[in-house]
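Reproduced below: coords04.pdb, with PDB, C-alpha atoms.
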ATOM      1  CA  MET D   1      15.844  13.044  -6.866
ATOM      2  CA  THR D   2      16.832  11.404 -10.123
ATOM      3  CA  GLY D   3      17.572   7.745 -10.576
ATOM      4  CA  SER D   4      18.549   5.203 -13.171
ATOM      5  CA  SER D   5      15.905   6.492 -15.550
ATOM      6  CA  GLY D   6      17.482   9.970 -15.348
ATOM      7  CA  GLN D   7      14.090  11.564 -14.731
ATOM      8  CA  SER D   8      13.172  13.509 -11.623
ATOM      9  CA  ASP D   9      10.573  12.212  -9.199
ATOM     10  CA  ASP D  10       8.311  15.076 -10.232
ATOM     11  CA  THR D  11       8.571  14.130 -13.916
ATOM     12  CA  LEU D  12       7.900  10.482 -13.113
ATOM     13  CA  ALA D  13       4.896  11.434 -10.974
ATOM     14  CA  ARG D  14       3.465  13.513 -13.839
ATOM     15  CA  LEU D  15       3.981  10.598 -16.222
ATOM     16  CA  ALA D  16       2.343   8.230 -13.722
ATOM     17  CA  GLN D  17      -0.629  10.597 -13.510
ATOM     18  CA  GLN D  18      -0.950  10.246 -17.278
ATOM     19  CA  GLY D  19      -1.098   6.452 -16.937
ATOM     20  CA  ASP D  20       2.569   5.584 -17.526
ATOM     21  CA  ARG D  21       3.032   2.302 -15.613
ATOM     22  CA  ALA D  22       6.813   2.333 -16.150
ATOM     23  CA  ALA D  23       6.977   5.647 -14.274
ATOM     24  CA  LEU D  24       5.115   4.091 -11.333
ATOM     25  CA  VAL D  25       7.492   1.121 -11.376
ATOM     26  CA  GLU D  26      10.495   3.466 -11.309
ATOM     27  CA  LEU D  27       9.054   5.415  -8.364
ATOM     28  CA  TYR D  28       8.437   2.115  -6.582
ATOM     29  CA  ARG D  29      12.024   0.994  -7.209
ATOM     30  CA  ARG D  30      13.401   4.274  -5.919
ATOM     31  CA  TYR D  31      11.458   4.298  -2.687
ATOM     32  CA  VAL D  32      10.436   0.765  -1.687
ATOM     33  CA  GLY D  33      13.588   0.158   0.372
ATOM     34  CA  GLU D  34      13.346   3.542   2.051
ATOM     35  CA  VAL D  35       9.663   3.122   2.945
ATOM     36  CA  TYR D  36      10.363  -0.409   4.173
ATOM     37  CA  GLY D  37      13.205   0.917   6.345
ATOM     38  CA  PHE D  38      10.920   3.563   7.807
ATOM     39  CA  ALA D  39       8.237   0.940   8.477
ATOM     40  CA  VAL D  40      10.509  -1.610  10.111
ATOM     41  CA  ASN D  41      12.072   1.050  12.326
ATOM     42  CA  GLN D  42       8.645   2.214  13.423
ATOM     43  CA  LEU D  43       7.030  -1.203  13.817
ATOM     44  CA  GLY D  44       9.892  -3.532  14.742
ATOM     45  CA  SER D  45       8.304  -6.369  12.787
ATOM     46  CA  GLN D  46       9.386  -7.433   9.320
ATOM     47  CA  GLN D  47       5.924  -8.798   8.473
ATOM     48  CA  ASP D  48       4.155  -5.642   9.638
ATOM     49  CA  ALA D  49       6.723  -3.522   7.782
ATOM     50  CA  GLU D  50       6.133  -5.493   4.579
ATOM     51  CA  ASP D  51       2.384  -5.035   5.002
ATOM     52  CA  LEU D  52       2.722  -1.307   5.666
ATOM     53  CA  THR D  53       5.043  -0.913   2.672
ATOM     54  CA  SER D  54       2.562  -2.753   0.473
ATOM     55  CA  GLU D  55      -0.345  -0.668   1.771
ATOM     56  CA  THR D  56       1.632   2.532   1.198
ATOM     57  CA  PHE D  57       2.352   1.703  -2.428
ATOM     58  CA  MET D  58      -1.184   0.457  -3.078
ATOM     59  CA  ARG D  59      -2.413   3.782  -1.722
ATOM     60  CA  LEU D  60       0.128   5.601  -3.904
ATOM     61  CA  VAL D  61      -1.214   3.874  -7.011
ATOM     62  CA  SER D  62      -4.816   4.682  -6.143
ATOM     63  CA  ALA D  63      -4.038   8.295  -5.162
ATOM     64  CA  ILE D  64      -1.392   9.350  -7.695
ATOM     65  CA  ASP D  65      -3.931  11.611  -9.396
ATOM     66  CA  THR D  66      -4.294  13.607  -6.171
ATOM     67  CA  TYR D  67      -0.591  14.489  -5.991
ATOM     68  CA  GLN D  68      -0.481  18.218  -6.714
ATOM     69  CA  HIS D  69       3.313  18.742  -6.914
ATOM     70  CA  ARG D  70       3.248  21.365  -4.131
ATOM     71  CA  SER D  71       5.780  19.431  -2.092
ATOM     72  CA  SER D  72       8.376  16.922  -3.164
ATOM     73  CA  PHE D  73       7.146  13.505  -4.229
ATOM     74  CA  ARG D  74       9.153  11.979  -1.370
ATOM     75  CA  THR D  75       7.368  14.198   1.175
ATOM     76  CA  TRP D  76       3.992  13.240  -0.282
ATOM     77  CA  LEU D  77       4.882   9.525  -0.242
ATOM     78  CA  TYR D  78       6.022   9.737   3.386
ATOM     79  CA  ALA D  79       2.726  11.418   4.291
ATOM     80  CA  ILE D  80       0.985   8.340   2.868
ATOM     81  CA  ALA D  81       3.319   6.033   4.815
ATOM     82  CA  ARG D  82       2.725   7.976   8.055
ATOM     83  CA  ASN D  83      -1.046   7.758   7.519
ATOM     84  CA  GLN D  84      -0.753   4.003   6.961
ATOM     85  CA  LEU D  85       1.339   3.763  10.134
ATOM     86  CA  ARG D  86      -1.272   5.729  12.084
ATOM     87  CA  ASP D  87      -3.967   3.363  10.810
ATOM     88  CA  HIS D  88      -1.835   0.362  11.779
ATOM     89  CA  TRP D  89      -1.425   1.650  15.341
ATOM     90  CA  ARG D  90      -5.142   2.370  15.563
ATOM     91  CA  ARG D  91      -6.004  -1.180  14.418
ATOM     92  CA  ASN D  92      -3.469  -2.782  16.754
ATOM     93  CA  GLY D  93      -3.810  -0.570  19.798
ATOM     94  CA  GLY D  94      -0.268   0.781  19.453
ATOM     95  CA  VAL D  95       1.260  -2.590  20.324
ATOM     96  CA  ARG D  96       4.293  -3.980  18.499
ATOM     97  CA  THR D  97       3.407  -7.456  17.295
ATOM     98  CA  ALA D  98       6.977  -8.764  17.147
ATOM     99  CA  ASP D  99      10.255  -7.143  18.003
ATOM    100  CA  LEU D 100      13.367  -7.388  15.876
ATOM    101  CA  PRO D 101      16.818  -7.579  17.366
ATOM    102  CA  ARG D 102      18.137  -4.015  17.781
ATOM    103  CA  ASP D 103      20.947  -4.493  15.242
ATOM    104  CA  LEU D 104      18.494  -5.633  12.538
ATOM    105  CA  ALA D 105      16.191  -2.675  13.007
ATOM    106  CA  THR D 106      18.563  -0.168  11.418
ATOM    107  CA  GLU D 107      18.172   1.170   7.919
ATOM    108  CA  ASN D 108      21.673   0.133   6.869
ATOM    109  CA  GLU D 109      21.169  -3.517   7.693
ATOM    110  CA  LEU D 110      17.656  -4.111   6.418
ATOM    111  CA  PRO D 111      16.947  -7.037   4.162
ATOM    112  CA  PRO D 112      15.579  -5.990   0.777
ATOM    113  CA  ALA D 113      11.836  -5.470   0.638
ATOM    114  CA  ARG D 114       9.869  -8.231  -1.019
ATOM    115  CA  PRO D 115       8.345  -6.917  -4.249
ATOM    116  CA  GLU D 116       5.856  -9.794  -4.294
ATOM    117  CA  VAL D 117       4.009  -8.135  -1.401
ATOM    118  CA  THR D 118       2.878  -5.373  -3.718
ATOM    119  CA  ALA D 119       2.290  -7.907  -6.470
ATOM    120  CA  LEU D 120       0.060  -9.800  -4.036
ATOM    121  CA  GLY D 121      -1.982  -6.664  -3.376
ATOM    122  CA  ARG D 122      -2.507  -6.151  -7.113
ATOM    123  CA  HIS D 123      -3.284  -9.856  -7.548
ATOM    124  CA  VAL D 124      -5.990  -9.677  -4.882
ATOM    125  CA  LEU D 125      -7.550  -6.423  -6.116
ATOM    126  CA  GLU D 126      -7.680  -7.658  -9.705
ATOM    127  CA  ARG D 127      -9.588 -10.773  -8.645
ATOM    128  CA  LEU D 128     -12.171  -9.129  -6.415
ATOM    129  CA  PRO D 129     -15.655  -8.553  -7.863
ATOM    130  CA  ASP D 130     -16.172  -4.910  -8.865
ATOM    131  CA  ASN D 131     -18.308  -3.917  -5.869
ATOM    132  CA  TYR D 132     -15.841  -5.529  -3.422
ATOM    133  CA  ARG D 133     -12.864  -3.870  -5.124
ATOM    134  CA  ARG D 134     -14.646  -0.497  -5.055
ATOM    135  CA  VAL D 135     -15.448  -0.678  -1.347
ATOM    136  CA  VAL D 136     -11.847  -1.678  -0.558
ATOM    137  CA  GLU D 137     -10.481   1.138  -2.724
ATOM    138  CA  LEU D 138     -12.702   3.741  -1.087
ATOM    139  CA  ARG D 139     -12.788   2.582   2.517
ATOM    140  CA  VAL D 140      -9.346   1.002   2.966
ATOM    141  CA  LEU D 141      -7.078   2.518   0.335
ATOM    142  CA  GLY D 142      -8.922   5.830   0.148
ATOM    143  CA  ASP D 143      -9.222   6.108   3.950
ATOM    144  CA  ARG D 144     -12.804   7.305   3.569
ATOM    145  CA  SER D 145     -15.399   7.045   6.298
ATOM    146  CA  VAL D 146     -18.291   4.595   6.049
ATOM    147  CA  ARG D 147     -20.617   7.532   5.353
ATOM    148  CA  GLU D 148     -18.394   8.904   2.542
ATOM    149  CA  THR D 149     -18.019   5.434   1.040
ATOM    150  CA  ALA D 150     -21.788   4.880   1.116
ATOM    151  CA  ARG D 151     -22.412   8.245  -0.535
ATOM    152  CA  GLU D 152     -19.842   7.569  -3.268
ATOM    153  CA  MET D 153     -21.156   4.048  -3.922
ATOM    154  CA  GLY D 154     -24.793   5.140  -3.800
ATOM    155  CA  THR D 155     -25.733   2.694  -1.056
ATOM    156  CA  THR D 156     -26.405   2.590   2.698
ATOM    157  CA  GLU D 157     -23.800   2.668   5.453
ATOM    158  CA  GLY D 158     -24.973  -0.768   6.578
ATOM    159  CA  ASN D 159     -24.426  -2.156   3.106
ATOM    160  CA  VAL D 160     -20.907  -0.678   3.020
ATOM    161  CA  LYS D 161     -20.084  -2.530   6.247
ATOM    162  CA  VAL D 162     -21.443  -5.799   4.867
ATOM    163  CA  LEU D 163     -19.647  -5.357   1.531
ATOM    164  CA  LEU D 164     -16.366  -4.510   3.233
ATOM    165  CA  HIS D 165     -16.620  -7.536   5.517
ATOM    166  CA  ARG D 166     -17.309  -9.816   2.556
ATOM    167  CA  ALA D 167     -14.611  -8.145   0.428
ATOM    168  CA  LEU D 168     -11.964  -8.593   3.114
ATOM    169  CA  ARG D 169     -12.982 -12.207   3.654
ATOM    170  CA  ARG D 170     -12.757 -12.845  -0.106
ATOM    171  CA  ALA D 171      -9.423 -10.974  -0.308
ATOM    172  CA  HIS D 172      -8.087 -13.242   2.433
ATOM    173  CA  GLU D 173      -9.170 -16.315   0.451
ATOM    174  CA  ILE D 174      -7.545 -14.989  -2.727
ATOM    175  CA  ALA D 175      -4.345 -14.138  -0.885
ATOM    176  CA  GLY D 176      -4.290 -17.660   0.552
ATOM    177  CA  GLN D 177      -4.288 -19.067  -2.975
ATOM    178  CA  TRP D 178      -1.348 -16.829  -3.968
ATOM    179  CA  ASP D 179       1.389 -19.181  -2.715
ATOM    180  CA  ASP D 180      -0.145 -22.148  -4.547
ATOM    181  CA  GLU D 181      -0.340 -20.179  -7.813
ATOM    182  CA  GLN D 182       3.207 -18.863  -7.382
ATOM    183  CA  LEU D 183       4.548 -22.380  -6.778
ATOM    184  CA  ARG D 184       2.784 -23.743  -9.884
ATOM    185  CA  ALA D 185       4.187 -20.865 -11.957
ATOM    186  CA  GLU D 186       7.781 -21.653 -10.957
TER     187      GLU D 186
END
Do you think you could lay out the structure here as structure tokens?
Amino acid sequence: MTGSSGQSDDTLARLAQQGDRAALVELYRRYVGEVYGFAVNQLGSQQDAEDLTSETFMRLVSAIDTYQHRSSFRTWLYAIARNQLRDHWRRNGGVRTADLPRDLATENELPPARPEVTALGRHVLERLPDNYRRVVELRVLGDRSVRETAREMGTTEGNVKVLLHRALRRAHEIAGQWDDEQLRAE
């Protein structure tokens, strides 16, 4: 696929792997609506779909170096989205948290995705202490087990659980301050 930048997804992915932030932004622009549509059709909840879309793109950013160009970028991105969806169902017991009216849950009639959801994720990660950010990146974004996370961080499994609990609590606090900061900035 090529878009407004005229570059293929594969070219943009290679540039993103080299640290080109503009390439990541272009890939986000190309696919955010599509991923959101997939999420809302699967989940039936706008809030959950926004969260899943945000999680998918946060995972994309943290895993772009692992993309090996064997399949299309779109296929790889959808694999990330499906994994995020699987994790969502596991966390929520497969229960839809809120249903949308049938006519709203179609791809053609979806409201545009909110880019500030992804901005919020970046905002939170940037403000977490290094050890909290690392445990979130490995355990949540990297979908690693507690054992793998402990090994990579050079600590115990118990400490990983404590760090993750504290990191998520702190992330929640930071996210709660987001609206106040956004309002002051406007």
*So what does the PyMOL selection byres ((chain D and resi 84) around 9) actually pick up in this one, as a ChimeraX atom specification?*
/D:52-53,55-56,59,79-83,85-89
Tell me which protein, DNA and RNA residues are within 8 Å of range 25-29 of chain D, counting all atoms listed in the file, leaving out same-chain ones fewer than 3 positions away, and put them as an mmCIF file with C-alpha atoms, in the frame of the given file.
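Result written to selection_23.cif:
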data_model
loop_
_atom_site.group_PDB
_atom_site.id
_atom_site.type_symbol
_atom_site.label_atom_id
_atom_site.label_comp_id
_atom_site.auth_asym_id
_atom_site.auth_seq_id
_atom_site.Cartn_x
_atom_site.Cartn_y
_atom_site.Cartn_z
ATOM 1 C CA SER D 5 15.905 6.492 -15.550
ATOM 2 C CA ASP D 9 10.573 12.212 -9.199
ATOM 3 C CA LEU D 12 7.900 10.482 -13.113
ATOM 4 C CA ALA D 13 4.896 11.434 -10.974
ATOM 5 C CA ARG D 21 3.032 2.302 -15.613
ATOM 6 C CA ALA D 22 6.813 2.333 -16.150
ATOM 7 C CA VAL D 32 10.436 0.765 -1.687
ATOM 8 C CA GLY D 33 13.588 0.158 0.372
ATOM 9 C CA PHE D 57 2.352 1.703 -2.428
#
*Find the residues around Leu24 in chain D up to 12 Å (only C-alpha atoms counted), leave out those fewer than 6 positions away in its own chain, and share them as a list in words.*
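Contacts, in chain order: Ser5, Asp9, Asp10, Thr11, Leu12, Ala13, Arg14, Leu15, Ala16, Gln17, Gln18, Arg30, Tyr31, Val32, Phe57, Met58, Leu60, Val61, Ser62, Ala63, Ile64, Asp65 and Phe73 of chain D.
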*Coordinates-based distance that separates CA of Tyr78 in chain D from CA of Asn92 in chain D (Å, one decimal)*: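 Result for CA of Asn92 in chain D versus CA of Tyr78 in chain D: 20.6 Å, one decimal.
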*asked:* Using only C-alpha atoms - which residues lie no farther than 7 Å from the point (-12.0, -6.3, -2.4) in the file's frame? Write them as a list in words.
replied: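 The answer, in the requested form, is Leu125, Leu128, Pro129, Tyr132, Arg133, Arg134, Val135, Val136, Ala167, Leu168, Arg170 and Ala171 of chain D.
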*Within-12 Å shell of (-17.9, -4.4, 5.2) in input frame, all atoms listed in the file, as a PyMOL selection string*: chain D and resi 131-136+138-140+145-146+149-150+156-170
_Please compute the CA of His172 in chain D-CA of Glu126 in chain D distance, one decimal, in Å._
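About the pair CA of His172 in chain D and CA of Glu126 in chain D: they are 13.4 Å apart.
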Could the centre and edge lengths of an axis-aligned box, enclosing all atoms of range 40-57 of chain D in the file with 3 Å extra on each side, be given in Å to one decimal as lines of an AutoDock Vina configuration file?
center_x = 5.9
center_y = -3.1
center_z = 6.2
size_x = 18.4
size_y = 17.3
size_z = 23.2
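You will find CA of Ser72 in chain D at 21.4 Å from CA of Leu141 in chain D.
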*asked:* Please enumerate the residues selected by the PyMOL selection byres ((chain D and resi 49) around 10) when evaluated against the supplied file, formatted as a list in words.
replied: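 Selected by the PyMOL selection byres ((chain D and resi 49) around 10) here: Val35, Tyr36, Gly37, Phe38, Ala39, Val40, Asn41, Gln42, Leu43, Gly44, Ser45, Gln46, Gln47, Asp48, Glu50, Asp51, Leu52, Thr53, Ser54, Glu55, Leu85 and Ala113 of chain D.
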